[in-house]
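The structure file coords-v3.tsv is reproduced below (TSV, C-alpha atoms and all ligand atoms).
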```
chain	number	residue	atom	x	y	z
A	7	GLU	CA	132.16	104.16	103.52
A	8	GLN	CA	131.33	107.30	101.55
A	9	ILE	CA	133.09	105.78	98.53
A	10	GLU	CA	131.18	102.52	98.94
A	11	LYS	CA	127.93	104.46	98.92
A	12	GLY	CA	128.86	105.68	95.46
A	13	GLY	CA	127.58	109.23	95.97
A	14	TYR	CA	124.28	108.17	97.58
A	15	ASP	CA	123.40	109.29	101.11
A	16	HIS	CA	122.61	105.75	102.21
A	17	PHE	CA	123.29	102.19	101.12
A	18	MET	CA	119.56	101.60	100.93
A	19	LEU	CA	119.09	104.31	98.32
A	20	LYS	CA	122.09	103.06	96.35
A	21	GLU	CA	120.65	99.55	96.42
A	22	ILE	CA	117.21	100.76	95.33
A	23	TYR	CA	118.87	102.44	92.34
A	24	GLU	CA	120.95	99.36	91.57
A	25	GLN	CA	117.85	97.29	90.83
A	26	PRO	CA	117.85	97.67	87.02
A	27	SER	CA	121.41	96.36	86.83
A	28	ALA	CA	120.87	93.75	89.58
A	29	ILE	CA	117.92	92.31	87.66
A	30	LEU	CA	119.96	92.33	84.44
A	31	ASP	CA	122.78	90.49	86.22
A	32	THR	CA	120.27	87.94	87.45
A	33	PHE	CA	119.08	87.39	83.85
A	34	ARG	CA	122.57	87.06	82.41
A	35	GLY	CA	123.16	83.76	80.63
A	36	ARG	CA	119.73	82.56	81.78
A	37	LEU	CA	117.18	84.57	79.86
A	38	LEU	CA	117.83	83.85	76.20
A	39	THR	CA	115.06	85.69	74.43
A	40	ASN	CA	116.39	85.19	70.90
A	41	GLU	CA	116.55	81.46	71.33
A	42	ALA	CA	113.26	81.48	73.28
A	43	MET	CA	114.99	79.68	76.14
A	44	ILE	CA	115.58	79.90	79.84
A	45	LYS	CA	118.68	78.23	81.21
A	46	LEU	CA	118.94	77.53	84.91
A	47	ALA	CA	121.43	74.76	85.59
A	48	GLY	CA	119.95	73.85	88.99
A	49	VAL	CA	116.52	73.35	87.42
A	50	GLU	CA	117.78	71.68	84.24
A	51	ASP	CA	119.83	69.12	86.17
A	52	ASN	CA	116.85	68.19	88.30
A	53	MET	CA	114.05	68.54	85.80
A	54	LYS	CA	112.73	65.02	86.43
A	55	LYS	CA	112.26	65.81	90.11
A	56	PHE	CA	110.52	69.11	89.34
A	57	LEU	CA	108.18	67.48	86.85
A	58	ALA	CA	107.28	64.69	89.25
A	59	ALA	CA	106.69	67.01	92.20
A	60	ASP	CA	103.24	66.97	93.77
A	61	ARG	CA	103.75	70.41	95.23
A	62	ILE	CA	106.31	73.03	96.09
A	63	ILE	CA	106.75	74.28	99.64
A	64	ILE	CA	108.53	77.60	99.96
A	65	VAL	CA	110.24	78.40	103.25
A	66	ALA	CA	111.73	81.79	104.11
A	67	CYS	CA	111.65	84.69	106.58
A	68	GLY	CA	111.01	88.43	106.33
A	69	THR	CA	111.25	90.00	102.91
A	70	SER	CA	112.32	86.68	101.38
A	71	TRP	CA	109.02	85.22	102.58
A	72	HIS	CA	107.23	87.99	100.67
A	73	ALA	CA	109.16	87.02	97.53
A	74	GLY	CA	107.93	83.49	98.20
A	75	LEU	CA	104.33	84.70	98.28
A	76	VAL	CA	104.76	86.43	94.92
A	77	ALA	CA	106.28	83.19	93.61
A	78	GLU	CA	103.23	81.24	94.81
A	79	TYR	CA	101.03	83.27	92.48
A	80	ILE	CA	103.49	82.99	89.61
A	81	PHE	CA	104.18	79.24	89.91
A	82	GLU	CA	100.52	78.35	90.23
A	83	ASP	CA	99.47	80.65	87.41
A	84	LEU	CA	102.15	79.67	84.90
A	85	ALA	CA	103.32	76.19	85.84
A	86	ARG	CA	100.13	74.89	87.56
A	87	ILE	CA	102.09	73.41	90.46
A	88	PRO	CA	100.44	73.75	93.88
A	89	VAL	CA	102.55	75.95	96.14
A	90	GLU	CA	102.53	76.54	99.88
A	91	VAL	CA	104.52	79.34	101.45
A	92	GLU	CA	105.65	78.95	105.02
A	93	TYR	CA	107.48	81.02	107.58
A	94	ALA	CA	110.55	78.88	108.20
A	95	SER	CA	110.16	79.44	111.95
A	96	GLU	CA	106.65	77.96	111.94
A	97	PHE	CA	107.36	75.18	109.49
A	98	ARG	CA	110.26	73.78	111.49
A	99	TYR	CA	108.28	73.38	114.69
A	100	ARG	CA	104.93	72.08	113.57
A	101	ASN	CA	105.66	68.56	112.46
A	102	PRO	CA	104.80	69.35	108.82
A	103	VAL	CA	103.71	66.68	106.38
A	104	ILE	CA	106.57	66.38	103.89
A	105	THR	CA	107.22	63.54	101.49
A	106	GLU	CA	109.79	62.60	98.90
A	107	LYS	CA	107.48	63.97	96.25
A	108	ASP	CA	107.72	67.49	97.67
A	109	ILE	CA	110.14	70.11	96.51
A	110	VAL	CA	111.12	72.67	99.08
A	111	ILE	CA	112.43	76.01	97.87
A	112	ALA	CA	114.32	77.98	100.50
A	113	ILE	CA	114.72	81.69	99.79
A	114	SER	CA	117.33	83.71	101.63
A	115	GLN	CA	119.38	86.78	100.79
A	116	SER	CA	122.12	86.08	103.33
A	117	GLY	CA	121.92	82.31	103.17
A	118	GLU	CA	122.50	82.31	106.92
A	119	THR	CA	119.06	82.73	108.51
A	120	ALA	CA	118.88	80.18	111.33
A	121	ASP	CA	115.19	79.32	110.99
A	122	THR	CA	115.43	78.83	107.22
A	123	LEU	CA	118.49	76.65	107.64
A	124	ALA	CA	116.71	74.51	110.24
A	125	ALA	CA	113.65	74.18	107.96
A	126	ILE	CA	115.93	72.92	105.17
A	127	LYS	CA	117.51	70.31	107.42
A	128	LEU	CA	114.08	69.12	108.52
A	129	ALA	CA	112.80	68.87	104.92
A	130	LYS	CA	115.91	66.97	103.86
A	131	SER	CA	115.54	64.54	106.73
A	132	LYS	CA	112.04	63.70	105.42
A	133	GLY	CA	113.42	63.04	101.95
A	134	ALA	CA	112.32	66.21	100.16
A	135	PHE	CA	114.48	67.74	97.46
A	136	VAL	CA	115.57	71.20	98.61
A	137	PHE	CA	116.35	74.00	96.19
A	138	GLY	CA	117.97	77.24	97.37
A	139	VAL	CA	117.50	80.78	96.09
A	140	CYS	CA	120.29	82.71	97.81
A	141	ASN	CA	122.24	85.87	97.16
A	142	VAL	CA	125.42	85.11	99.08
A	143	VAL	CA	127.58	82.63	97.21
A	144	GLY	CA	128.87	79.77	99.35
A	145	SER	CA	126.58	80.67	102.27
A	146	SER	CA	125.35	78.01	104.69
A	147	ILE	CA	121.97	77.68	102.94
A	148	ALA	CA	123.60	77.53	99.51
A	149	ARG	CA	125.75	74.66	100.80
A	150	GLU	CA	123.00	72.83	102.64
A	151	THR	CA	120.53	72.71	99.73
A	152	ASN	CA	120.54	69.95	97.05
A	153	ALA	CA	120.63	72.45	94.19
A	154	GLY	CA	119.88	76.10	93.64
A	155	ALA	CA	119.97	79.29	91.64
A	156	TYR	CA	121.73	82.37	92.90
A	157	THR	CA	120.32	85.85	92.69
A	158	HIS	CA	123.03	88.14	91.39
A	159	ALA	CA	122.05	91.24	93.34
A	160	GLY	CA	125.59	91.94	94.59
A	161	PRO	CA	126.23	92.74	98.25
A	162	GLU	CA	123.22	94.18	100.05
A	163	ILE	CA	124.31	96.31	103.00
A	164	GLY	CA	121.12	98.13	104.01
A	165	VAL	CA	119.31	96.05	106.63
A	166	ALA	CA	115.99	96.65	104.87
A	167	SER	CA	116.09	94.39	101.85
A	168	THR	CA	115.44	95.96	98.43
A	169	LYS	CA	117.40	94.62	95.46
A	170	ALA	CA	117.51	91.15	97.02
A	171	PHE	CA	113.70	91.08	96.90
A	172	THR	CA	113.35	92.04	93.25
A	173	THR	CA	116.12	89.69	92.16
A	174	GLN	CA	114.53	86.84	94.13
A	175	ILE	CA	111.28	87.46	92.27
A	176	THR	CA	113.29	87.52	89.03
A	177	VAL	CA	114.88	84.10	89.64
A	178	LEU	CA	111.60	82.58	90.78
A	179	THR	CA	109.85	83.93	87.68
A	180	LEU	CA	112.54	82.37	85.48
A	181	MET	CA	112.04	79.07	87.28
A	182	ALA	CA	108.25	79.19	86.93
A	183	LEU	CA	108.53	79.96	83.22
A	184	ARG	CA	111.08	77.21	82.62
A	185	LEU	CA	108.86	74.68	84.40
A	186	ALA	CA	105.75	75.94	82.63
A	187	ARG	CA	107.47	75.35	79.30
A	188	ALA	CA	108.60	71.87	80.32
A	189	LYS	CA	105.15	70.95	81.61
A	190	GLY	CA	103.40	72.43	78.60
A	191	THR	CA	101.18	74.64	80.75
A	192	ILE	CA	102.16	77.63	78.64
A	193	SER	CA	102.15	77.80	74.83
A	194	SER	CA	105.35	78.59	72.98
A	195	SER	CA	103.98	81.97	71.86
A	196	GLU	CA	102.94	82.89	75.42
A	197	PHE	CA	106.33	81.76	76.66
A	198	ARG	CA	108.09	83.95	74.12
A	199	HIS	CA	105.86	86.87	75.02
A	200	HIS	CA	106.77	86.48	78.70
A	201	LEU	CA	110.48	86.42	77.87
A	202	ILE	CA	110.20	89.57	75.79
A	203	GLU	CA	108.30	91.33	78.58
A	204	LEU	CA	110.77	90.13	81.21
A	205	GLU	CA	113.62	91.54	79.19
A	206	THR	CA	112.06	95.02	79.28
A	207	ILE	CA	111.79	95.01	83.09
A	208	PRO	CA	115.19	96.60	83.89
A	209	SER	CA	114.41	99.65	81.74
A	210	LYS	CA	110.90	99.82	83.21
A	211	VAL	CA	112.35	99.72	86.73
A	212	GLU	CA	114.59	102.59	85.61
A	213	GLU	CA	111.49	104.48	84.54
A	214	ALA	CA	109.69	103.68	87.81
A	215	LEU	CA	112.66	105.17	89.68
A	216	LYS	CA	111.93	108.50	88.03
A	217	SER	CA	108.99	108.92	90.40
A	218	ASP	CA	111.54	109.51	93.17
A	219	GLY	CA	111.07	113.30	93.38
A	220	TYR	CA	107.30	112.99	93.48
A	221	VAL	CA	107.45	110.21	96.08
A	222	GLN	CA	109.66	112.47	98.17
A	223	ALA	CA	107.02	115.22	98.02
A	224	ILE	CA	104.31	112.75	99.10
A	225	SER	CA	106.57	111.57	101.94
A	226	GLU	CA	106.77	115.13	103.24
A	227	ILE	CA	102.96	115.26	103.48
A	228	TYR	CA	102.51	111.94	105.33
A	229	LYS	CA	105.70	111.55	107.34
A	230	ASP	CA	103.94	112.35	110.64
A	231	ALA	CA	101.15	109.80	110.20
A	232	LYS	CA	100.97	107.27	113.03
A	233	ASN	CA	99.62	104.42	110.91
A	234	PHE	CA	99.65	103.39	107.27
A	235	LEU	CA	97.58	100.79	105.48
A	236	TYR	CA	98.84	99.07	102.30
A	237	LEU	CA	96.44	97.24	100.01
A	238	GLY	CA	96.93	95.09	96.95
A	239	ARG	CA	95.36	92.09	95.24
A	240	GLY	CA	96.62	89.03	93.44
A	241	PHE	CA	100.30	89.28	92.49
A	242	ASN	CA	100.39	92.62	94.29
A	243	PHE	CA	99.01	91.47	97.63
A	244	PRO	CA	102.51	90.35	98.74
A	245	VAL	CA	103.85	93.69	97.49
A	246	ALA	CA	101.45	95.44	99.88
A	247	LEU	CA	102.87	93.32	102.72
A	248	GLU	CA	106.40	94.18	101.66
A	249	GLY	CA	105.59	97.92	101.39
A	250	ALA	CA	104.23	97.89	104.95
A	251	LEU	CA	107.22	95.93	106.24
A	252	LYS	CA	109.66	98.40	104.63
A	253	LEU	CA	107.95	101.34	106.32
A	254	LYS	CA	107.86	99.61	109.73
A	255	GLU	CA	111.48	98.53	109.54
A	256	ILE	CA	113.08	101.88	108.90
A	257	SER	CA	110.65	104.64	109.94
A	258	TYR	CA	109.06	102.82	112.95
A	259	ILE	CA	105.62	103.89	111.77
A	260	HIS	CA	103.03	101.21	112.29
A	261	ALA	CA	101.88	99.83	108.95
A	262	GLU	CA	99.73	96.93	107.88
A	263	GLY	CA	99.53	95.22	104.53
A	264	TYR	CA	96.25	93.58	103.55
A	265	PRO	CA	94.60	91.98	100.55
A	266	ALA	CA	92.38	94.82	99.29
A	267	ALA	CA	89.17	92.80	99.46
A	268	GLU	CA	89.82	91.80	103.07
A	269	MET	CA	89.73	95.44	104.11
A	270	LYS	CA	86.02	95.14	104.84
A	271	HIS	CA	86.70	92.42	107.40
A	272	GLY	CA	88.67	94.65	109.74
A	273	PRO	CA	91.01	97.42	108.64
A	274	ILE	CA	88.17	99.52	107.25
A	275	ALA	CA	87.29	100.30	110.87
A	276	LEU	CA	90.59	102.17	111.19
A	277	ILE	CA	90.07	104.46	108.23
A	278	ASP	CA	89.56	108.15	108.92
A	279	GLU	CA	91.13	111.39	107.66
A	280	GLN	CA	94.33	110.59	109.57
A	281	MET	CA	94.95	107.33	107.73
A	282	PRO	CA	97.08	107.23	104.58
A	283	VAL	CA	96.20	104.17	102.49
A	284	VAL	CA	98.61	103.05	99.81
A	285	VAL	CA	96.67	101.10	97.20
A	286	ILE	CA	98.31	99.15	94.40
A	287	ALA	CA	95.83	99.48	91.54
A	288	THR	CA	97.59	98.53	88.35
A	289	LYS	CA	95.56	97.74	85.25
A	290	LYS	CA	94.66	94.07	84.67
A	291	GLY	CA	95.03	92.92	88.29
A	292	HIS	CA	91.36	93.00	89.40
A	293	TYR	CA	91.46	96.68	88.59
A	294	GLU	CA	87.72	97.44	88.79
A	295	LYS	CA	87.45	95.75	92.14
A	296	VAL	CA	90.37	97.68	93.56
A	297	VAL	CA	88.84	100.91	92.25
A	298	SER	CA	85.70	100.14	94.23
A	299	ASN	CA	87.86	99.52	97.33
A	300	ILE	CA	89.35	102.97	96.73
A	301	GLN	CA	85.84	104.44	96.65
A	302	GLU	CA	85.14	102.86	100.02
A	303	ILE	CA	88.29	104.40	101.47
A	304	LYS	CA	87.43	107.79	100.03
A	305	SER	CA	83.92	107.79	101.45
A	306	ARG	CA	85.54	107.28	104.88
A	307	LYS	CA	87.89	110.21	104.23
A	308	GLY	CA	91.08	108.12	104.13
A	309	LYS	CA	94.01	109.64	102.24
A	310	ILE	CA	94.71	107.63	99.11
A	311	ILE	CA	98.09	107.11	97.51
A	312	GLY	CA	97.51	105.01	94.38
A	313	ILE	CA	100.21	103.02	92.61
A	314	VAL	CA	98.83	102.91	89.07
A	315	THR	CA	99.68	101.98	85.51
A	316	LYS	CA	100.96	104.87	83.42
A	317	GLY	CA	98.07	106.76	81.85
A	318	ASP	CA	95.50	105.61	84.43
A	319	LYS	CA	92.40	107.77	84.69
A	320	SER	CA	89.88	106.21	87.12
A	321	VAL	CA	92.14	106.06	90.17
A	322	LYS	CA	93.49	109.53	89.42
A	323	GLU	CA	89.96	110.92	89.84
A	324	LEU	CA	89.56	109.37	93.28
A	325	ALA	CA	93.02	109.32	94.84
A	326	ASP	CA	94.84	112.15	96.61
A	327	HIS	CA	98.03	111.18	94.79
A	328	VAL	CA	98.94	108.67	92.13
A	329	ILE	CA	102.37	107.29	91.38
A	330	GLU	CA	102.67	105.79	87.91
A	331	VAL	CA	104.60	102.69	86.92
A	332	PRO	CA	105.06	101.46	83.33
A	333	GLU	CA	102.71	98.89	81.91
A	334	THR	CA	103.69	95.22	81.82
A	335	ILE	CA	102.03	91.80	81.97
A	336	GLU	CA	100.26	91.14	85.23
A	337	CYS	CA	102.65	88.58	86.72
A	338	LEU	CA	105.59	90.98	86.33
A	339	THR	CA	103.93	94.01	87.95
A	340	PRO	CA	105.42	93.29	91.43
A	341	LEU	CA	108.86	94.11	90.02
A	342	LEU	CA	107.60	97.62	89.24
A	343	THR	CA	105.06	98.39	91.97
A	344	THR	CA	107.66	97.57	94.64
A	345	ILE	CA	109.88	100.48	93.56
A	346	PRO	CA	107.76	103.47	94.71
A	347	LEU	CA	107.00	101.68	98.00
A	348	GLN	CA	110.73	101.29	98.70
A	349	LEU	CA	111.25	104.98	97.92
A	350	LEU	CA	108.31	106.04	100.10
A	351	SER	CA	109.64	104.23	103.16
A	352	TYR	CA	113.15	105.51	102.47
A	353	HIS	CA	112.18	109.18	102.24
A	354	ILE	CA	109.87	109.07	105.27
A	355	ALA	CA	112.60	107.47	107.38
A	356	VAL	CA	115.17	110.04	106.25
A	357	MET	CA	112.77	112.91	106.99
A	358	LEU	CA	112.13	111.51	110.46
A	359	GLY	CA	115.89	111.37	111.07
A	360	LYS	CA	116.02	107.58	111.46
A	361	ASN	CA	119.03	105.38	110.87
A	362	VAL	CA	117.93	104.06	107.50
A	363	ASP	CA	120.74	101.58	106.89
A	364	GLN	CA	120.83	100.18	110.41
A	365	PRO	CA	117.41	100.41	112.01
A	366	ARG	CA	117.15	99.80	115.73
A	367	ASN	CA	116.70	96.22	116.94
A	368	LEU	CA	117.10	94.70	113.47
A	369	ALA	CA	119.96	92.71	112.00
A	370	LYS	CA	120.89	92.08	108.40
A	371	SER	CA	121.20	88.42	108.97
A	372	VAL	CA	119.52	86.61	111.85
A	373	THR	CA	121.72	83.66	112.69
A	374	VAL	CA	120.01	82.86	115.98
A	375	GLU	CA	116.46	81.68	116.59
A	401	LIG	C1	116.28	89.91	108.54
A	401	LIG	C2	116.54	91.06	107.59
A	401	LIG	C3	115.48	91.10	106.50
A	401	LIG	C4	115.42	89.76	105.79
A	401	LIG	C5	115.22	88.60	106.76
A	401	LIG	C6	115.46	87.27	106.08
A	401	LIG	O1	115.10	90.15	109.25
A	401	LIG	O2	116.55	92.28	108.31
A	401	LIG	O3	115.77	92.12	105.57
A	401	LIG	O4	114.38	89.77	104.86
A	401	LIG	O5	116.18	88.67	107.84
A	401	LIG	O6	116.80	87.21	105.70
A	401	LIG	P1	117.39	86.33	104.55
A	401	LIG	O7	118.86	86.65	104.52
A	401	LIG	O8	117.14	84.89	104.94
A	401	LIG	O9	116.70	86.69	103.31
```

Once you've parsed the file, please lay out its structure as structure tokens.
Ligand code: G6P
Amino acid sequence: EQIEKGGYDHFMLKEIYEQPSAILDTFRGRLLTNEAMIKLAGVEDNMKKFLAADRIIIVACGTSWHAGLVAEYIFEDLARIPVEVEYASEFRYRNPVITEKDIVIAISQSGETADTLAAIKLAKSKGAFVFGVCNVVGSSIARETNAGAYTHAGPEIGVASTKAFTTQITVLTLMALRLARAKGTISSSEFRHHLIELETIPSKVEEALKSDGYVQAISEIYKDAKNFLYLGRGFNFPVALEGALKLKEISYIHAEGYPAAEMKHGPIALIDEQMPVVVIATKKGHYEKVVSNIQEIKSRKGKIIGIVTKGDKSVKELADHVIEVPETIECLTPLLTTIPLQLLSYHIAVMLGKNVDQPRNLAKSVTVE
């Protein structure tokens, strides 16, 4: 096992550090920047169906559901296709309205999650075309779907999902861009610009990983907190949910993720000097509004950990700590802002002496309801 961990203390940390290469592997043969092309066989072969689709319904569980939420923002923004994101467990039992003009995208790392599999069978029985985004080749979901695109994250051993999440977002971004190009909802120069930016992501993830030492120091300060709040907006709202889930899963600290602007409708009541609030406040994504949310937290004496774009000044003046990520176009920021949140949960859990790779009560793949 020590050899498999490749010198890292835990699989989770190894997998966090594998993300630059996992994303590159997921691009391979698909992202062709020089030719200004994206090649995804599963999409290409079914392009007619995708172009005729009235909407896309994404079904998934856990972290994969969060990747689905990020995809909702990306698909709607780039390809102008209406998207709904559903917990597979809810979808399967509520007699959903599905027609032959719907495309269902099922996202699953393991490809074995019982609820997701059942949701696929239901959608197929109603005549929908079902597309899978799985990591495990030949898994039940990969076999049950009509077509698909694999993430090439490699085996993920840590129960808390890390590289599967960022590679899912990568595949879904490639799909959205390919469809945007086919539908003409993006110009050829914008398309090219997105491809060039996407190509720089692995090295930017590498750079984001350099915050590790600083994140560890922040973890030491807040490891005994009883609650954490995570806030984000737009593309980074699902990242806030994922950051909170990561912390819950492995450190057993209660954490909530919220859209930053919804804070005033509830969570603000919880804020006092005991409450660390992680705020994703990258440039471009409603930045000014998030800065004013940060001011509200500060005036209630909450402790602020800002995830900011490199070189940021405004948040730095207000926050107790800021963790920088490199600049990129807005729709790609989740691939970078996720990194410090993974590291934060990892270090806190290690400091609290928890079993990071196999947290209590959780399973890597949930094959029962
Ligand atoms: C379990 C795992 C999570 C995962 C979820 C969905 O809860 O612990 O990490 O996100 O199942 O799994 P899937 O394999 O379908 O992505």

Query - Distance filter 9 Å around ligand LIG 401 (chain A), atoms: only C-alpha atoms and all ligand atoms, out as a PyMOL selection string - result: chain A and resi 66-72+112-123+140-142+147+164-168+170-171+252+255+365+368-373

Query raised in the report: Contacts of Tyr264 of chain A at 7 Å or less, counting all atoms listed in the file, minus same-chain residues fewer than 6 places along, as a VMD selection string?
Result: chain A and resid 236 to 238 243 246 to 247

Requested in this report: Would you work out the distance separating atom CA of Asp218 of chain A from atom CA of His327 of chain A, expressed in Å to one decimal?
Outcome: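 Computing the Euclidean distance for atom CA of Asp218 of chain A and atom CA of His327 of chain A yields 13.7 Å.
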
Query - Given only C-alpha atoms as the counted atoms, nearest of A:Val136, A:Val221, A:Ile274, A:Ala73 to Gly312 of chain A - result: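 Of all the options, A:Val221 lies closest to Gly312 of chain A.
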
Report task. Please identify all polymer residues within 10 Å of Gly190 of chain A, counting all atoms listed in the file, omitting same-chain residues fewer than 4 positions from it, and present them as a PyMOL selection string. Result -> chain A and resi 84-86+184-186+194+197

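Considering only C-alpha atoms, the residue among A:Thr343, A:Ser27, A:Asn242, A:Asn152 positioned nearest to His292 of chain A is A:Asn242.
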
Requested in this report: Name the residues in contact with Lys229 of chain A at a cut-off of 9 Å, using only C-alpha atoms, excluding same-chain residues fewer than 4 positions from it; report them as a ChimeraX atom specification.
Outcome: /A:224-225,257,259,353-355,357-358

Query raised in the report: Leaving out Pro282 of chain A and any residue of its chain fewer than 3 positions from it, which residues lie within 9 Å of it when counting only C-alpha atoms, given as a PyMOL selection string?
Result: chain A and resi 228+231+233-236+277-279+308-311

Writer output for current selection, C-alpha atoms, as an mmCIF file, in the frame of the given file:
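Here's the written file selection22.cif:
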```
data_model
loop_
_atom_site.group_PDB
_atom_site.id
_atom_site.type_symbol
_atom_site.label_atom_id
_atom_site.label_comp_id
_atom_site.auth_asym_id
_atom_site.auth_seq_id
_atom_site.Cartn_x
_atom_site.Cartn_y
_atom_site.Cartn_z
ATOM 1 C CA TYR A 228 102.510 111.940 105.330
ATOM 2 C CA ALA A 231 101.150 109.800 110.200
ATOM 3 C CA ASN A 233 99.620 104.420 110.910
ATOM 4 C CA PHE A 234 99.650 103.390 107.270
ATOM 5 C CA LEU A 235 97.580 100.790 105.480
ATOM 6 C CA TYR A 236 98.840 99.070 102.300
ATOM 7 C CA ILE A 277 90.070 104.460 108.230
ATOM 8 C CA ASP A 278 89.560 108.150 108.920
ATOM 9 C CA GLU A 279 91.130 111.390 107.660
ATOM 10 C CA GLY A 308 91.080 108.120 104.130
ATOM 11 C CA LYS A 309 94.010 109.640 102.240
ATOM 12 C CA ILE A 310 94.710 107.630 99.110
ATOM 13 C CA ILE A 311 98.090 107.110 97.510
#
```

Report task. Using all atoms listed in the file, find the one residue out of A:Asp31, A:Gly144, A:Phe56, A:Ile163 that sits nearest to Phe17 of chain A. Result -> A:Ile163

Query - Contact residues around Ala129 of chain A with only C-alpha atoms at 9 Å, ignoring same-chain residues under 2 positions, as a list in words - result: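 Close residues of Ala129 of chain A: Arg98, Pro102, Ile104, Thr105, Asp108, Ile109, Val110, Ala124, Ala125, Ile126, Lys127, Ser131, Lys132, Gly133, Ala134, Phe135 and Val136 of chain A.
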
Report task. Quick one: pull the distance between atom CA of Thr288 of chain A and atom CA of Gly317 of chain A, Å, one decimal. Result ->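 Separating atom CA of Thr288 of chain A from atom CA of Gly317 of chain A is a distance of 10.5 Å.
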